>>> print(open('upload.cif').read())   # mmCIF, C-alpha atoms and all ligand atoms
data_upload
loop_
_atom_site.label_atom_id
_atom_site.label_comp_id
_atom_site.auth_asym_id
_atom_site.auth_seq_id
_atom_site.Cartn_x
_atom_site.Cartn_y
_atom_site.Cartn_z
CA MET A 234 31.36 -12.83 -2.28
CA GLN A 235 34.53 -12.62 -0.19
CA ASP A 236 36.44 -9.36 -0.32
CA GLU A 237 40.12 -9.88 0.36
CA SER A 238 41.00 -6.18 0.41
CA ALA A 239 38.54 -5.21 3.15
CA ALA A 240 40.07 -4.57 6.55
CA PRO A 241 37.19 -5.09 8.97
CA SER A 242 36.62 -2.43 11.63
CA ARG A 243 36.93 -3.24 15.30
CA GLY A 244 34.35 -2.46 17.96
CA PHE A 245 31.36 -2.95 15.71
CA GLU A 246 29.52 -4.98 18.33
CA ALA A 247 29.02 -1.62 20.08
CA TRP A 248 27.62 -0.10 16.85
CA LYS A 249 25.15 -2.97 16.56
CA ASP A 250 24.14 -2.59 20.16
CA ALA A 251 23.61 1.19 19.77
CA PHE A 252 21.66 0.59 16.54
CA ARG A 253 19.37 -1.90 18.25
CA ARG A 254 18.83 0.18 21.38
CA HIS A 255 18.86 3.78 20.19
CA LEU A 256 18.14 4.10 16.49
CA ALA A 257 14.41 4.53 15.94
CA PRO A 258 13.19 1.39 14.19
CA THR A 259 11.31 1.49 10.89
CA SER A 260 10.38 -2.19 10.89
CA SER A 261 10.63 -5.14 13.24
CA GLU A 262 13.16 -6.86 11.00
CA PRO A 263 15.88 -4.46 9.81
CA ILE A 264 18.48 -5.86 7.41
CA GLY A 265 21.21 -4.90 9.88
CA LEU A 266 24.13 -5.11 7.43
CA VAL A 267 27.07 -3.54 9.27
CA VAL A 268 28.70 -1.21 6.76
CA GLU A 269 32.44 -0.77 6.66
CA ARG A 270 32.61 1.28 3.47
CA ALA A 271 31.05 1.49 0.02
CA LEU A 272 32.85 1.89 -3.27
CA GLY A 273 31.54 1.56 -6.82
CA VAL A 274 28.88 -1.14 -7.03
CA TRP A 275 29.99 -2.77 -3.77
CA ILE A 276 29.05 -2.29 -0.14
CA HIS A 277 31.68 -3.80 2.14
CA GLY A 278 30.54 -5.25 5.45
CA VAL A 279 32.62 -5.40 8.62
CA ASP A 280 32.39 -9.17 8.22
CA GLY A 281 34.94 -8.86 5.41
CA ARG A 282 32.35 -9.69 2.75
CA ARG A 283 31.31 -7.48 -0.11
CA TYR A 284 27.78 -7.15 -1.38
CA LEU A 285 26.63 -6.13 -4.85
CA ASP A 286 24.30 -3.18 -4.34
CA LEU A 287 21.51 -3.86 -6.81
CA LEU A 288 19.44 -1.11 -5.16
CA SER A 289 21.91 1.85 -5.29
CA GLY A 290 20.80 2.73 -1.75
CA ILE A 291 17.39 2.89 -3.40
CA GLY A 292 18.03 4.91 -6.49
CA VAL A 293 20.64 7.28 -5.07
CA ALA A 294 24.04 5.89 -6.07
CA ASN A 295 23.40 5.97 -9.82
CA LEU A 296 27.17 6.41 -10.39
CA GLY A 297 27.99 3.79 -7.78
CA HIS A 298 29.18 4.63 -4.29
CA THR A 299 31.68 7.40 -3.50
CA PRO A 300 32.74 8.18 -7.09
CA PRO A 301 36.08 10.08 -7.07
CA GLU A 302 34.67 13.14 -8.86
CA VAL A 303 32.05 13.57 -6.12
CA VAL A 304 34.57 12.95 -3.34
CA ASP A 305 36.83 15.69 -4.82
CA ALA A 306 34.00 18.18 -5.27
CA VAL A 307 32.82 17.64 -1.69
CA ALA A 308 36.37 18.04 -0.36
CA ARG A 309 36.76 21.34 -2.23
CA GLN A 310 33.40 22.68 -1.06
CA ASN A 311 34.11 21.51 2.49
CA VAL A 312 37.05 23.87 2.87
CA ARG A 313 35.26 26.83 1.23
CA HIS A 314 32.01 27.03 3.14
CA HIS A 315 29.19 25.00 4.60
CA HIS A 316 25.78 26.47 5.38
CA VAL A 317 25.83 30.27 5.35
CA MET A 318 22.23 31.53 5.14
CA VAL A 319 18.67 30.30 4.72
CA TYR A 320 17.82 29.28 1.17
CA GLY A 321 17.38 31.96 -1.46
CA GLU A 322 19.21 34.92 0.09
CA TYR A 323 22.96 34.70 -0.64
CA VAL A 324 24.57 33.85 -3.97
CA GLN A 325 26.44 30.55 -3.55
CA GLU A 326 28.39 29.21 -6.50
CA ALA A 327 27.51 25.51 -6.16
CA GLN A 328 23.81 26.20 -5.73
CA ALA A 329 23.45 28.80 -8.48
CA LEU A 330 25.49 26.93 -11.08
CA TYR A 331 23.75 23.62 -10.31
CA ALA A 332 20.38 25.31 -10.82
CA ALA A 333 21.56 26.64 -14.20
CA GLU A 334 22.85 23.20 -15.23
CA LEU A 335 19.55 21.57 -14.26
CA ALA A 336 17.58 24.21 -16.13
CA ALA A 337 19.62 23.37 -19.24
CA ILE A 338 18.76 19.64 -19.18
CA THR A 339 15.17 19.61 -17.86
CA PRO A 340 12.28 19.91 -20.37
CA ALA A 341 11.99 23.28 -22.15
CA GLY A 342 10.56 26.10 -20.06
CA LEU A 343 11.44 24.57 -16.69
CA ASP A 344 14.12 27.05 -15.75
CA SER A 345 13.59 27.86 -12.07
CA VAL A 346 14.84 25.42 -9.43
CA PHE A 347 13.68 25.43 -5.80
CA PHE A 348 16.15 23.33 -3.81
CA VAL A 349 15.02 21.49 -0.67
CA ASN A 350 16.40 18.53 1.28
CA SER A 351 14.47 15.45 0.22
CA GLY A 352 11.91 14.01 -2.17
CA ALA A 353 8.97 14.33 0.20
CA GLU A 354 9.85 17.94 0.88
CA ALA A 355 10.01 18.68 -2.84
CA ILE A 356 6.52 17.19 -3.23
CA GLU A 357 5.28 19.43 -0.41
CA GLY A 358 6.68 22.47 -2.21
CA ALA A 359 5.06 21.41 -5.49
CA LEU A 360 1.66 20.99 -3.79
CA LYS A 361 1.87 24.44 -2.20
CA LEU A 362 2.96 25.97 -5.50
CA ALA A 363 0.02 24.37 -7.32
CA ARG A 364 -2.55 25.56 -4.76
CA LYS A 365 -1.19 29.09 -4.70
CA ALA A 366 -0.88 29.36 -8.49
CA THR A 367 -4.36 27.99 -9.27
CA GLY A 368 -6.36 29.08 -6.23
CA ARG A 369 -7.81 25.54 -6.28
CA ARG A 370 -7.64 22.91 -3.58
CA GLY A 371 -8.02 19.45 -5.11
CA PHE A 372 -5.31 16.90 -5.83
CA VAL A 373 -5.22 13.86 -8.07
CA ALA A 374 -2.82 10.95 -7.66
CA PHE A 375 -2.82 7.30 -8.79
CA ASP A 376 -3.33 3.90 -7.27
CA GLY A 377 0.04 2.42 -6.29
CA ALA A 378 1.64 5.88 -6.00
CA TYR A 379 4.41 6.68 -3.55
CA HIS A 380 5.59 10.27 -3.10
CA GLY A 381 7.12 10.27 0.38
CA ASP A 382 6.10 10.06 4.01
CA THR A 383 5.43 13.58 5.23
CA LEU A 384 1.72 14.22 5.75
CA GLY A 385 1.25 16.11 2.47
CA ALA A 386 3.19 13.59 0.40
CA LEU A 387 1.50 10.70 2.21
CA SER A 388 -1.85 12.22 1.25
CA LEU A 389 -1.04 11.20 -2.34
CA ALA A 390 -0.21 7.59 -1.48
CA GLY A 391 -2.07 5.09 -3.62
CA ASN A 392 -2.16 2.44 -0.93
CA GLU A 393 -4.91 2.27 1.67
CA ARG A 394 -2.78 0.47 4.27
CA SER A 395 -0.16 3.26 4.32
CA ARG A 396 -2.76 6.02 4.54
CA ARG A 397 -5.24 4.73 7.11
CA PRO A 398 -3.30 5.21 10.40
CA PHE A 399 -2.60 8.86 9.56
CA GLU A 400 -6.00 10.08 8.37
CA PRO A 401 -7.39 12.67 7.97
CA LEU A 402 -4.90 13.53 5.26
CA LEU A 403 -4.78 16.46 2.85
CA GLY A 404 -7.66 16.68 0.43
CA PRO A 405 -9.83 16.66 -1.45
CA LEU A 406 -7.98 13.88 -3.24
CA ARG A 407 -9.03 11.64 -6.06
CA LEU A 408 -7.04 8.45 -6.72
CA LEU A 409 -7.27 7.34 -10.35
CA PRO A 410 -6.14 4.06 -11.95
CA PHE A 411 -2.46 4.25 -12.96
CA GLY A 412 -1.89 3.63 -16.64
CA ASP A 413 -5.54 3.91 -17.73
CA ALA A 414 -6.15 6.96 -19.93
CA ARG A 415 -9.93 6.44 -19.69
CA GLY A 416 -9.90 7.41 -16.00
CA LEU A 417 -8.43 10.85 -16.73
CA ALA A 418 -11.81 12.45 -17.49
CA ALA A 419 -12.21 12.69 -13.69
CA ILE A 420 -9.64 15.52 -13.69
CA ASP A 421 -11.66 18.75 -13.72
CA GLU A 422 -11.43 22.49 -12.97
CA THR A 423 -11.37 21.92 -9.18
CA VAL A 424 -7.99 20.16 -9.36
CA ALA A 425 -4.91 22.17 -8.36
CA ALA A 426 -2.34 19.45 -9.08
CA VAL A 427 -2.09 16.02 -10.62
CA VAL A 428 0.95 14.19 -9.26
CA VAL A 429 2.36 11.19 -11.11
CA GLU A 430 5.44 8.99 -11.28
CA PRO A 431 6.29 8.24 -14.94
CA VAL A 432 7.13 4.69 -13.84
CA GLN A 433 5.93 3.59 -10.42
CA GLY A 434 8.70 2.27 -8.20
CA GLU A 435 7.21 1.41 -4.81
CA GLY A 436 3.96 0.54 -6.61
CA GLY A 437 5.74 -2.50 -8.08
CA VAL A 438 7.82 -1.25 -11.06
CA ARG A 439 4.76 -0.40 -13.16
CA ILE A 440 5.41 0.97 -16.63
CA PRO A 441 2.40 2.78 -18.13
CA PRO A 442 1.18 2.10 -21.68
CA PRO A 443 2.47 4.64 -24.27
CA ASP A 444 -0.74 6.71 -24.45
CA PHE A 445 -1.10 7.34 -20.70
CA LEU A 446 1.31 10.17 -19.90
CA PRO A 447 0.61 12.17 -23.13
CA ALA A 448 -3.14 11.86 -22.42
CA LEU A 449 -2.54 13.01 -18.85
CA GLU A 450 -0.61 16.04 -20.07
CA ALA A 451 -3.43 16.90 -22.51
CA ARG A 452 -6.06 16.59 -19.77
CA CYS A 453 -4.07 18.86 -17.45
CA ARG A 454 -3.71 21.48 -20.22
CA ALA A 455 -7.45 21.31 -20.91
CA THR A 456 -8.47 21.77 -17.27
CA GLY A 457 -5.68 24.04 -16.02
CA ALA A 458 -4.54 21.50 -13.43
CA ILE A 459 -0.80 21.69 -12.69
CA LEU A 460 1.00 18.55 -13.88
CA VAL A 461 3.57 17.53 -11.26
CA VAL A 462 5.85 14.72 -12.42
CA ASP A 463 7.73 12.94 -9.64
CA GLU A 464 11.11 11.83 -11.02
CA VAL A 465 12.64 11.28 -7.59
CA LEU A 466 13.37 7.66 -8.51
CA THR A 467 13.27 7.76 -12.31
CA GLY A 468 15.48 10.83 -12.79
CA PHE A 469 19.17 10.97 -13.65
CA GLY A 470 19.37 8.12 -16.10
CA ARG A 471 17.51 5.41 -14.22
CA THR A 472 15.03 4.59 -17.01
CA GLY A 473 17.48 4.99 -19.90
CA ARG A 474 16.88 8.73 -20.42
CA VAL A 475 18.21 11.54 -18.24
CA PHE A 476 14.55 12.10 -17.28
CA ALA A 477 11.86 9.51 -17.91
CA VAL A 478 9.43 12.12 -19.33
CA GLU A 479 11.74 12.30 -22.38
CA ARG A 480 10.55 8.82 -23.35
CA TRP A 481 6.98 10.06 -23.76
CA GLY A 482 7.74 13.64 -24.87
CA VAL A 483 5.78 14.97 -21.89
CA ARG A 484 6.40 18.44 -20.48
CA PRO A 485 5.51 18.73 -16.79
CA ASP A 486 4.55 22.03 -15.19
CA VAL A 487 6.59 20.98 -12.17
CA LEU A 488 9.35 18.36 -12.14
CA VAL A 489 10.20 16.85 -8.74
CA LEU A 490 13.74 15.56 -8.13
CA ALA A 491 15.73 14.04 -5.25
CA LYS A 492 17.70 10.80 -4.61
CA ALA A 493 20.47 10.86 -7.29
CA LEU A 494 20.11 14.68 -7.55
CA GLY A 495 22.53 15.09 -4.63
CA GLY A 496 25.17 12.62 -5.81
CA GLY A 497 24.90 10.75 -2.48
CA TYR A 498 24.14 13.81 -0.33
CA PRO A 499 20.66 14.93 0.78
CA LEU A 500 19.06 17.19 -1.81
CA GLY A 501 15.63 17.58 -3.39
CA ALA A 502 14.21 20.10 -5.84
CA PHE A 503 11.05 21.11 -7.61
CA VAL A 504 11.59 22.74 -10.96
CA ALA A 505 9.08 24.95 -12.80
CA SER A 506 8.94 27.97 -15.11
CA GLY A 507 10.15 31.24 -13.63
CA SER A 508 6.67 32.76 -13.96
CA LEU A 509 5.00 29.91 -12.07
CA MET A 510 7.67 29.83 -9.37
CA ARG A 511 7.27 33.58 -8.71
CA VAL A 512 4.02 32.98 -6.84
CA LEU A 513 5.99 31.62 -3.88
CA ALA A 514 7.97 34.88 -3.61
CA GLU A 515 4.96 37.22 -3.47
CA ASP A 516 1.76 37.85 -1.50
CA PRO A 517 3.02 37.05 1.06
CA PRO A 518 6.72 37.04 0.26
CA LEU A 519 8.60 34.03 1.65
CA SER A 520 5.58 31.79 1.05
CA HIS A 521 7.96 28.84 1.09
CA VAL A 522 11.37 28.86 2.74
CA THR A 523 13.83 26.32 4.09
CA THR A 524 17.01 26.68 6.10
CA PHE A 525 19.14 23.91 4.67
CA GLY A 526 17.57 23.53 1.20
CA GLY A 527 20.27 23.44 -1.48
CA HIS A 528 23.07 22.84 1.01
CA PRO A 529 26.32 23.87 -0.71
CA VAL A 530 28.01 20.51 -0.09
CA SER A 531 24.99 18.64 -1.48
CA CYS A 532 24.91 20.94 -4.52
CA ALA A 533 28.66 20.51 -5.12
CA ALA A 534 28.21 16.72 -4.90
CA GLY A 535 25.18 16.78 -7.19
CA ARG A 536 26.91 18.96 -9.79
CA ALA A 537 29.88 16.61 -9.90
CA ALA A 538 27.58 13.58 -10.21
CA LEU A 539 25.57 15.18 -13.03
CA GLY A 540 28.84 16.02 -14.80
CA VAL A 541 29.86 12.35 -14.75
CA LEU A 542 26.36 11.16 -15.78
CA LEU A 543 26.46 13.39 -18.88
CA ARG A 544 30.18 12.91 -19.68
CA ASP A 545 29.95 9.13 -19.53
CA ARG A 546 26.50 8.99 -21.21
CA LEU A 547 25.20 6.83 -18.39
CA ALA A 548 21.55 7.28 -19.35
CA GLU A 549 22.30 5.71 -22.74
CA ARG A 550 24.25 2.98 -20.98
CA ALA A 551 21.25 2.34 -18.69
CA ASP A 552 19.11 1.99 -21.82
CA THR A 553 21.30 -0.47 -23.73
CA VAL A 554 22.93 -2.43 -20.92
CA GLY A 555 19.67 -2.38 -18.93
CA ALA A 556 17.80 -3.87 -21.91
CA ARG A 557 20.37 -6.68 -22.17
CA PHE A 558 20.17 -7.34 -18.42
CA LEU A 559 16.37 -7.45 -18.67
CA ASP A 560 16.50 -9.89 -21.63
CA SER A 561 18.89 -12.15 -19.80
CA LEU A 562 16.84 -12.04 -16.58
CA LYS A 563 13.68 -12.86 -18.55
CA GLU A 564 15.36 -15.72 -20.36
CA THR A 565 16.95 -17.17 -17.23
CA LEU A 566 14.23 -16.65 -14.62
CA THR A 567 11.00 -17.18 -16.59
CA GLY A 568 9.55 -20.58 -15.75
CA LEU A 569 11.51 -20.95 -12.50
CA PRO A 570 9.46 -21.67 -9.35
CA GLY A 571 7.25 -18.76 -8.35
CA VAL A 572 8.26 -16.36 -11.12
CA ARG A 573 5.23 -14.55 -12.55
CA GLU A 574 6.82 -11.79 -14.57
CA VAL A 575 10.12 -10.04 -15.17
CA ARG A 576 9.78 -6.46 -16.43
CA GLY A 577 11.77 -3.25 -16.55
CA ILE A 578 12.81 -0.07 -18.26
CA GLY A 579 16.42 1.05 -18.38
CA MET A 580 17.96 -0.01 -15.09
CA LEU A 581 14.72 -0.11 -13.11
CA LEU A 582 13.62 -3.72 -13.08
CA GLY A 583 11.02 -5.80 -11.29
CA ILE A 584 10.71 -9.51 -10.65
CA GLU A 585 7.16 -10.41 -9.70
CA LEU A 586 6.92 -13.62 -7.66
CA ASP A 587 3.84 -15.55 -6.54
CA THR A 588 3.89 -14.93 -2.79
CA ALA A 589 5.32 -12.58 -0.18
CA ALA A 590 6.77 -15.57 1.69
CA ARG A 591 8.75 -16.74 -1.33
CA THR A 592 9.89 -13.18 -2.00
CA ARG A 593 11.18 -12.80 1.55
CA VAL A 594 13.20 -16.01 1.35
CA PHE A 595 14.48 -15.06 -2.12
CA VAL A 596 15.70 -11.66 -0.91
CA GLU A 597 17.34 -13.15 2.20
CA GLN A 598 19.06 -15.93 0.31
CA CYS A 599 20.30 -13.51 -2.35
CA ARG A 600 21.76 -11.39 0.46
CA ASP A 601 23.47 -14.46 1.92
CA ARG A 602 25.07 -14.92 -1.49
CA GLY A 603 26.18 -11.29 -1.69
CA LEU A 604 23.34 -9.62 -3.61
CA LEU A 605 21.40 -6.70 -2.14
CA LEU A 606 17.87 -6.30 -3.48
CA GLY A 607 14.45 -5.80 -1.91
CA TRP A 608 10.73 -5.88 -2.39
CA THR A 609 8.76 -2.71 -3.13
CA LEU A 610 6.99 -0.78 -0.39
CA HIS A 611 3.44 -1.35 -1.62
CA HIS A 612 3.92 -4.91 -2.93
CA ASP A 613 5.87 -7.45 -0.93
CA HIS A 614 5.82 -10.04 -3.73
CA ILE A 615 7.60 -7.78 -6.26
CA VAL A 616 11.38 -7.51 -6.14
CA ARG A 617 12.85 -4.26 -7.36
CA LEU A 618 16.31 -3.87 -8.90
CA ALA A 619 17.82 -0.41 -9.36
CA PRO A 620 21.54 -1.09 -9.83
CA PRO A 621 24.19 1.59 -10.27
CA LEU A 622 24.22 2.64 -13.94
CA ILE A 623 27.93 1.78 -14.11
CA THR A 624 27.47 -1.92 -13.28
CA GLN A 625 29.55 -4.12 -15.59
CA GLU A 626 27.81 -6.76 -17.70
CA ASP A 627 29.77 -9.69 -16.27
CA VAL A 628 28.63 -8.59 -12.80
CA PHE A 629 25.01 -8.65 -14.03
CA GLU A 630 25.57 -12.10 -15.53
CA GLU A 631 26.88 -13.48 -12.26
CA ALA A 632 24.00 -11.87 -10.33
CA THR A 633 21.50 -13.42 -12.76
CA ARG A 634 23.01 -16.87 -12.21
CA THR A 635 22.88 -16.37 -8.43
CA MET A 636 19.20 -15.32 -8.54
CA ALA A 637 18.35 -18.29 -10.75
CA GLY A 638 20.14 -20.66 -8.35
CA VAL A 639 18.17 -19.32 -5.39
CA LEU A 640 14.83 -19.63 -7.23
CA GLU A 641 15.60 -23.14 -8.48
CA ALA A 642 16.36 -24.26 -4.94
CA SER A 643 13.08 -22.71 -3.69
CA GLY A 644 11.20 -25.42 -5.62
N1 LIG B 1 8.87 10.03 -4.69
C1 LIG B 1 9.30 8.84 -5.12
C2 LIG B 1 8.89 8.35 -6.48
C3 LIG B 1 10.14 8.06 -4.32
O1 LIG B 1 10.56 6.86 -4.75
C4 LIG B 1 10.51 8.56 -3.05
C5 LIG B 1 11.44 7.78 -2.13
N2 LIG B 1 11.42 6.41 -2.25
C6 LIG B 1 10.02 9.80 -2.64
C7 LIG B 1 9.22 10.52 -3.49
C8 LIG B 1 10.37 10.37 -1.29
O2 LIG B 1 11.68 10.80 -1.26
P1 LIG B 1 12.42 11.00 0.15
O3 LIG B 1 12.58 9.65 0.75
O4 LIG B 1 13.72 11.67 -0.21
O5 LIG B 1 11.54 11.88 0.96
#
>>> encode(input="upload.cif", output="structure tokens")
Amino acid sequence: MQDESAAPSRGFEAWKDAFRRHLAPTSSEPIGLVVERALGVWIHGVDGRRYLDLLSGIGVANLGHTPPEVVDAVARQNVRHHHVMVYGEYVQEAQALYAAELAAITPAGLDSVFFVNSGAEAIEGALKLARKATGRRGFVAFDGAYHGDTLGALSLAGNERSRRPFEPLLGPLRLLPFGDARGLAAIDETVAAVVVEPVQGEGGVRIPPPDFLPALEARCRATGAILVVDEVLTGFGRTGRVFAVERWGVRPDVLVLAKALGGGYPLGAFVASGSLMRVLAEDPPLSHVTTFGGHPVSCAAGRAALGVLLRDRLAERADTVGARFLDSLKETLTGLPGVREVRGIGMLLGIELDTAARTRVFVEQCRDRGLLLGWTLHHDHIVRLAPPLITQEDVFEEATRTMAGVLEASG
């Protein structure tokens, strides 16, 4: 899609050269889109084109890019103070009030927020908390799980290929089948923490059957294992509720947040009851500390973003508009070449194709036509869509037609 208002930057050949030579690579084929700016649902390239961001920077820009409320809050915080002291020592308005606001909207009893910098780091904190609180060592996670790439978080990965080069990882670990309540009997009194995504993202947009998460909660209560729910991707309206656990009425012992938590700035958190969280402050004190956790600018940005999410009822919008988008995708794409299944919940949607090769071509051709989407980390034949929750319906309709056109042509 051509963007007439974009004024392309100059000198970007040098950026591309520096990117290629000096930025550590994460794959042999980076997308390499040269970003001029990003606003609302659009990312503008220096080539003068605009791209519809159907990934929200992978689940971060739930309000779209650079929303004015967040820009204002950041500007105000920027002239007051930046980092002043390691986490947990000084009273900082943005951090303290954001913690109180999160405590008010997270499931009952979760009223103590430990801010960190990322999702993986929040998982690490949750694992340490569970070991210290229970005195047990074992962990349980699920096949297809993704919880981040630090060694502790990677230890929970439900994908052999991701784990193998980095073994030995943290254990003992048991990987159980995701979505199958019958497997939960394997959780016993040796388990410190069970870590679960309510809907798996990188595992291929997998939505569990209705009995799974309530049965998991019951099993954790019966065995004393700490239930850690990873809402890094599903939180902040993505699945049509502010938090996905609300759909199943499940109360985690620890809720893990990141991505949209910081309104576009780096921020993670694990949230628990005050009594559970106390164990990190005692014997020894400072059992878990971080310098930058809860950075005041990130907290100011996150507070502003949460304010907009609640004011504009974007979780409800994700539910209703997401359901219509899903229906229309199902109707339009089902039966087209290579399409196995279209599924989703709220504004987290998956298109399962037959092969990785077709998926790669589909993603590239969509990008050529101005749509940004991608396959999931653990499954390269499943396309994930996580659009900004503000995306207009006519934009979804046009994107659906574009996707259908690409699939039709793939014969
Ligand atoms: N948990 C889930 C469910 C995620 O999707 C991700 C990131 N994709 C993480 C944890 C890790 O978060 P981060 O990249 O901020 O470390």
>>> residues_near_ligand(input="upload.cif", ligand="ligand LIG 1 (chain B)", cutoff="10 Å", atoms="only C-alpha atoms and all ligand atoms", output="PyMOL selection string")
chain A and resi 291-293+349-357+378-383+386-387+390+429-436+462-468+489-493+499-501+609-610
>>> write_last_selection(input="upload.cif", atoms="C-alpha atoms", output="PDB file, in the frame of the given file")
ATOM      1  CA  ILE A 291      17.390   2.890  -3.400  1.00  0.00           C
ATOM      2  CA  GLY A 292      18.030   4.910  -6.490  1.00  0.00           C
ATOM      3  CA  VAL A 293      20.640   7.280  -5.070  1.00  0.00           C
ATOM      4  CA  VAL A 349      15.020  21.490  -0.670  1.00  0.00           C
ATOM      5  CA  ASN A 350      16.400  18.530   1.280  1.00  0.00           C
ATOM      6  CA  SER A 351      14.470  15.450   0.220  1.00  0.00           C
ATOM      7  CA  GLY A 352      11.910  14.010  -2.170  1.00  0.00           C
ATOM      8  CA  ALA A 353       8.970  14.330   0.200  1.00  0.00           C
ATOM      9  CA  GLU A 354       9.850  17.940   0.880  1.00  0.00           C
ATOM     10  CA  ALA A 355      10.010  18.680  -2.840  1.00  0.00           C
ATOM     11  CA  ILE A 356       6.520  17.190  -3.230  1.00  0.00           C
ATOM     12  CA  GLU A 357       5.280  19.430  -0.410  1.00  0.00           C
ATOM     13  CA  ALA A 378       1.640   5.880  -6.000  1.00  0.00           C
ATOM     14  CA  TYR A 379       4.410   6.680  -3.550  1.00  0.00           C
ATOM     15  CA  HIS A 380       5.590  10.270  -3.100  1.00  0.00           C
ATOM     16  CA  GLY A 381       7.120  10.270   0.380  1.00  0.00           C
ATOM     17  CA  ASP A 382       6.100  10.060   4.010  1.00  0.00           C
ATOM     18  CA  THR A 383       5.430  13.580   5.230  1.00  0.00           C
ATOM     19  CA  ALA A 386       3.190  13.590   0.400  1.00  0.00           C
ATOM     20  CA  LEU A 387       1.500  10.700   2.210  1.00  0.00           C
ATOM     21  CA  ALA A 390      -0.210   7.590  -1.480  1.00  0.00           C
ATOM     22  CA  VAL A 429       2.360  11.190 -11.110  1.00  0.00           C
ATOM     23  CA  GLU A 430       5.440   8.990 -11.280  1.00  0.00           C
ATOM     24  CA  PRO A 431       6.290   8.240 -14.940  1.00  0.00           C
ATOM     25  CA  VAL A 432       7.130   4.690 -13.840  1.00  0.00           C
ATOM     26  CA  GLN A 433       5.930   3.590 -10.420  1.00  0.00           C
ATOM     27  CA  GLY A 434       8.700   2.270  -8.200  1.00  0.00           C
ATOM     28  CA  GLU A 435       7.210   1.410  -4.810  1.00  0.00           C
ATOM     29  CA  GLY A 436       3.960   0.540  -6.610  1.00  0.00           C
ATOM     30  CA  VAL A 462       5.850  14.720 -12.420  1.00  0.00           C
ATOM     31  CA  ASP A 463       7.730  12.940  -9.640  1.00  0.00           C
ATOM     32  CA  GLU A 464      11.110  11.830 -11.020  1.00  0.00           C
ATOM     33  CA  VAL A 465      12.640  11.280  -7.590  1.00  0.00           C
ATOM     34  CA  LEU A 466      13.370   7.660  -8.510  1.00  0.00           C
ATOM     35  CA  THR A 467      13.270   7.760 -12.310  1.00  0.00           C
ATOM     36  CA  GLY A 468      15.480  10.830 -12.790  1.00  0.00           C
ATOM     37  CA  VAL A 489      10.200  16.850  -8.740  1.00  0.00           C
ATOM     38  CA  LEU A 490      13.740  15.560  -8.130  1.00  0.00           C
ATOM     39  CA  ALA A 491      15.730  14.040  -5.250  1.00  0.00           C
ATOM     40  CA  LYS A 492      17.700  10.800  -4.610  1.00  0.00           C
ATOM     41  CA  ALA A 493      20.470  10.860  -7.290  1.00  0.00           C
ATOM     42  CA  PRO A 499      20.660  14.930   0.780  1.00  0.00           C
ATOM     43  CA  LEU A 500      19.060  17.190  -1.810  1.00  0.00           C
ATOM     44  CA  GLY A 501      15.630  17.580  -3.390  1.00  0.00           C
ATOM     45  CA  THR A 609       8.760  -2.710  -3.130  1.00  0.00           C
ATOM     46  CA  LEU A 610       6.990  -0.780  -0.390  1.00  0.00           C
TER      47      LEU A 610
END
>>> closest_residue(input="upload.cif", among="A:Leu582, A:Val530, A:Val483, A:Ala590", to="His316 (chain A)", atoms="all atoms listed in the file")
A:Val530
>>> closest_residue(input="upload.cif", among="A:Glu515, A:Glu631, A:Glu450, A:Asp545", to="Val487 (chain A)", atoms="all atoms listed in the file")
A:Glu450
>>> closest_residue(input="upload.cif", among="A:Pro258, A:Pro405, A:Gly568, A:Gly278", to="Leu605 (chain A)", atoms="all atoms listed in the file")
A:Gly278
>>> residues_around(input="upload.cif", residues="region 547-560 of chain A", least_positions_apart="3", cutoff="8 Å", atoms="only C-alpha atoms", output="NGL selection string")
:A and (469-475 or 542-544 or 563-564 or 575-582 or 622-623 or 626 or 629-630)
>>> residues_around(input="upload.cif", residues="Asp486 (chain A)", least_positions_apart="2", cutoff="6 Å", atoms="all atoms listed in the file", output="list of chain:residue names")
A:Ile459, A:Leu460, A:Ala505
>>> residues_around(input="upload.cif", residues="Val304 (chain A)", least_positions_apart="6", cutoff="10 Å", atoms="all atoms listed in the file", output="MDAnalysis selection string")
chainID A and resid 298 496:497 533:534 537:538
>>> closest_residue(input="upload.cif", among="A:Arg600, A:His528, A:His611, A:Arg573", to="Asp587 (chain A)", atoms="only C-alpha atoms")
A:Arg573
>>> residues_around(input="upload.cif", residues="Gln310 (chain A)", least_positions_apart="2", cutoff="12 Å", atoms="only C-alpha atoms", output="JSON, numbers by chain")
{"A": [303, 304, 305, 306, 307, 308, 312, 313, 314, 315, 316, 325, 326, 327, 328, 528, 529, 530, 531, 532, 533, 534, 535, 536, 537]}
>>> residues_around(input="upload.cif", residues="Leu402 (chain A)", least_positions_apart="3", cutoff="8 Å", atoms="only C-alpha atoms", output="JSON, numbers by chain")
{"A": [384, 385, 387, 388, 396, 399]}
>>> closest_residue(input="upload.cif", among="A:Val279, A:Arg454, A:His521, A:Pro443", to="Ala359 (chain A)", atoms="all atoms listed in the file")
A:His521
>>> atom_distance(input="upload.cif", atom1="CA of Leu287 (chain A)", atom2="CA of Gly603 (chain A)")
10.2 Å
>>> closest_residue(input="upload.cif", among="A:Arg511, A:Arg452, A:Arg439, A:Lys365", to="Ile615 (chain A)", atoms="only C-alpha atoms")
A:Arg439
>>> atom_distance(input="upload.cif", atom1="CA of Leu606 (chain A)", atom2="CA of Pro620 (chain A)")
9.0 Å
>>> atom_distance(input="upload.cif", atom1="CA of Gly404 (chain A)", atom2="CA of Pro442 (chain A)")
27.9 Å
